[in-house]
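Coordinates from my_file_38.txt are shown below (compact mmCIF, C-alpha atoms).
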# COMPACT_ATOMS: atom_id res chain seq x y z
CA MET A 1 -10.93 -18.17 5.32
CA ARG A 2 -7.20 -17.54 5.27
CA TYR A 3 -5.81 -14.34 3.76
CA SER A 4 -3.27 -14.92 1.01
CA ARG A 5 -0.53 -12.38 0.27
CA PHE A 6 0.58 -11.89 -3.33
CA THR A 7 2.93 -8.91 -2.92
CA ARG A 8 6.24 -8.44 -1.20
CA ARG A 9 6.36 -6.36 1.92
CA ILE A 10 9.12 -4.53 3.73
CA ALA A 11 9.59 -4.00 7.44
CA VAL A 12 9.25 -0.34 8.38
CA THR A 13 8.54 1.59 11.53
CA GLY A 14 6.26 4.58 11.26
CA GLU A 15 3.15 6.08 12.75
CA ALA A 16 -0.33 5.31 11.50
CA SER A 17 -3.59 7.12 12.15
CA VAL A 18 -6.59 4.84 11.78
CA ARG A 19 -10.23 5.91 11.41
CA LEU A 20 -13.04 3.37 11.51
CA LEU A 21 -15.44 4.43 8.74
CA LEU A 22 -18.64 3.12 10.31
CA THR A 23 -18.32 5.00 13.61
CA GLU A 24 -15.70 7.67 12.76
CA ASP A 25 -13.71 6.52 15.84
CA SER A 26 -9.99 7.07 15.42
CA ASP A 27 -6.82 5.88 17.05
CA ASP A 28 -3.08 5.94 16.47
CA GLY A 29 -0.89 2.92 15.96
CA THR A 30 2.46 1.81 14.59
CA LEU A 31 3.18 0.83 11.00
CA LEU A 32 5.16 -2.44 11.09
CA ASP A 33 5.40 -3.47 7.45
CA LEU A 34 4.20 -2.25 4.11
CA SER A 35 3.56 -3.38 0.55
CA ARG A 36 1.86 -1.91 -2.50
CA GLN A 37 -1.35 -3.73 -1.55
CA GLY A 38 -1.49 -3.37 2.23
CA ALA A 39 0.19 -3.08 5.61
CA ARG A 40 0.52 -4.55 9.06
CA LEU A 41 -0.18 -2.27 11.99
CA ARG A 42 0.09 -2.55 15.75
CA ILE A 43 -2.78 -0.80 17.47
CA ASN A 44 -4.48 -1.10 20.87
CA ARG A 45 -7.99 -1.57 19.50
CA LEU A 46 -10.00 -4.63 18.59
CA PHE A 47 -10.90 -4.99 14.93
CA GLU A 48 -12.85 -7.60 13.01
CA PRO A 49 -12.01 -8.86 9.51
CA GLY A 50 -14.03 -6.96 6.96
CA GLN A 51 -14.17 -3.66 8.85
CA LYS A 52 -13.51 -0.63 6.64
CA LEU A 53 -10.89 1.93 7.63
CA ALA A 54 -9.23 5.12 6.43
CA LEU A 55 -5.50 5.40 7.15
CA MET A 56 -2.81 8.06 7.24
CA LEU A 57 0.59 6.38 7.10
CA ASN A 58 3.56 8.44 8.22
CA LEU A 59 6.46 6.77 6.46
CA PRO A 60 9.97 6.79 7.91
CA TRP A 61 13.02 8.56 6.44
CA ASN A 62 11.26 11.91 6.03
CA GLU A 63 9.02 10.60 3.25
CA PRO A 64 5.65 12.29 2.69
CA PRO A 65 2.69 10.66 4.43
CA VAL A 66 0.41 8.37 2.41
CA GLU A 67 -3.36 8.60 2.74
CA VAL A 68 -5.30 5.39 2.19
CA ARG A 69 -8.90 6.46 1.58
CA LEU A 70 -10.32 2.97 2.03
CA ALA A 71 -8.77 -0.16 3.55
CA ALA A 72 -10.26 -3.42 4.78
CA VAL A 73 -9.17 -5.41 7.82
CA LYS A 74 -8.05 -8.83 6.52
CA TRP A 75 -6.77 -10.43 9.72
CA THR A 76 -6.07 -9.70 13.38
CA LYS A 77 -3.79 -11.34 15.92
CA ASP A 78 -3.22 -9.85 19.37
CA ASN A 79 -2.60 -6.14 18.72
CA ASN A 80 -1.56 -6.68 15.08
CA VAL A 81 -3.90 -5.91 12.19
CA GLY A 82 -3.40 -6.74 8.52
CA VAL A 83 -5.11 -4.33 6.15
CA GLU A 84 -5.63 -4.37 2.39
CA PHE A 85 -5.58 -1.05 0.54
CA LEU A 86 -8.76 -0.65 -1.52
CA LYS A 87 -8.62 3.04 -2.49
CA VAL A 88 -5.45 5.11 -2.67
CA GLY A 89 -5.34 8.44 -4.53
CA ASP A 90 -3.06 8.73 -7.56
CA ASP A 91 -0.52 11.03 -5.88
CA ASP A 92 -0.41 8.84 -2.78
CA ARG A 93 -0.04 5.70 -4.95
CA VAL A 94 2.96 7.28 -6.70
CA SER A 95 4.49 8.28 -3.34
CA LEU A 96 4.02 4.74 -2.04
CA ASP A 97 5.47 3.17 -5.20
CA VAL A 98 8.51 5.47 -5.16
CA PHE A 99 9.07 4.79 -1.45
CA LEU A 100 8.89 1.01 -1.93
CA ALA A 101 11.09 1.04 -5.04
CA SER A 102 13.76 3.02 -3.16
CA ARG A 103 14.09 0.37 -0.44
CA PRO A 104 17.00 -2.01 -1.12
CA ASN A 105 15.13 -5.17 -0.02
CA TYR A 106 11.98 -4.52 -2.05
CA LYS A 107 11.49 -6.20 -5.40
CA ARG A 108 8.16 -6.37 -7.16
CA ALA A 109 6.63 -9.79 -7.53
CA ARG A 110 5.88 -10.83 -11.12
CA SER A 111 2.14 -10.54 -10.51
CA GLU A 112 2.38 -6.87 -9.47
CA SER A 113 1.78 -4.10 -11.94
CA PRO A 114 4.69 -1.79 -12.82
CA VAL A 115 5.53 0.84 -10.25
CA ILE A 116 5.20 3.75 -12.66
CA SER A 117 4.59 3.75 -16.40
CA TYR A 118 5.83 6.93 -18.05
CA VAL A 119 5.46 6.13 -21.77
CA HIS A 120 2.13 5.80 -23.54
CA SER A 121 2.29 2.59 -25.57
CA ALA A 122 0.87 4.17 -28.75
CA SER A 123 3.71 6.67 -28.94
CA ARG A 124 6.43 4.04 -29.04
CA PRO A 125 6.86 0.89 -31.15
CA GLN A 126 6.54 -2.42 -29.36
CA HIS A 127 9.71 -4.40 -28.74
CA GLY A 128 10.61 -6.34 -31.87
CA SER A 129 8.32 -4.35 -34.17
CA ALA A 130 9.43 -1.89 -36.78
CA ALA A 131 8.91 1.81 -36.25
CA PRO A 132 6.02 3.26 -38.26
CA GLN A 133 7.05 4.59 -41.66
CA PRO A 134 6.21 8.22 -42.56
Please, can you express the file's structure as structure tokens?
Amino acid sequence: MRYSRFTRRIAVTGEASVRLLLTEDSDDGTLLDLSRQGARLRINRLFEPGQKLALMLNLPWNEPPVEVRLAAVKWTKDNNVGVEFLKVGDDDRVSLDVFLASRPNYKRARSESPVISYVHSASRPQHGSAAPQP
């Protein structure tokens, strides 16, 4: 089965620490590209699609690292591994979203959820609707 990508990704170079959840083995690799949903890594270890990993991604440009609590290997080719992020903590998700939004070549695809939503919808009238009367 072929993996289909629905989100944009950006080329980056950073360090990645990878821990295989089943055996607790760990190794370091290189972060090659990144999106809101996953990443491509170069690592000198053989992986199989479906394996579960935990990742620590050290982003470039002095950004804080992002911890991915659970990721799944989607594809492998040579020393490259494509991973899908399954569990990312709220603070790490915000850091990732802010990092991606600050890159000039990154634009969200229509199918992606908003990067950050600051306003609760009940506290503000919907576009085109009248404000509630006192």
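Interatomic distance, atom CA of Leu96 of chain A to atom CA of Pro49 of chain A: 24.0 Å.
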Excluding Ser35 of chain A and any residue of its chain fewer than 2 positions from it, enumerate the residues within 8 Å of it, using all atoms listed in the file, and give them as JSON, numbers by chain. {"A": [7, 8, 9, 10, 33, 37, 38, 39, 100]}
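We find atom CA of Leu41 of chain A and atom CA of Val94 of chain A to be spaced 21.2 Å apart.
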With a distance cut-off of 10 Å and only C-alpha atoms, select the neighbouring residues of Asn44 of chain A, excluding the residue or stretch itself and same-chain residues fewer than 4 positions from it, and output the selection as a PDB file with C-alpha atoms, in the frame of the given file.
ATOM      1  CA  ASP A  27      -6.820   5.880  17.050  1.00  0.00           C
ATOM      2  CA  ASP A  28      -3.080   5.940  16.470  1.00  0.00           C
ATOM      3  CA  GLY A  29      -0.890   2.920  15.960  1.00  0.00           C
ATOM      4  CA  THR A  30       2.460   1.810  14.590  1.00  0.00           C
ATOM      5  CA  ASP A  78      -3.220  -9.850  19.370  1.00  0.00           C
ATOM      6  CA  ASN A  79      -2.600  -6.140  18.720  1.00  0.00           C
ATOM      7  CA  ASN A  80      -1.560  -6.680  15.080  1.00  0.00           C
ATOM      8  CA  VAL A  81      -3.900  -5.910  12.190  1.00  0.00           C
TER       9      VAL A  81
END
Sphere at (-10.1, 3.6, 7.6), radius 7 Å, counting only C-alpha atoms: residues as number ranges by chain: A: 18-21, 52-55, 69-71
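Proximity to Asp97 of chain A was assessed for A:Glu63, A:Glu84, A:Asp25, A:Glu48 counting all atoms listed in the file; the smallest distance is recorded for A:Glu63.
Between atom CA of Arg103 of chain A and atom CA of Val12 of chain A the interatomic distance comes to 10.1 Å.
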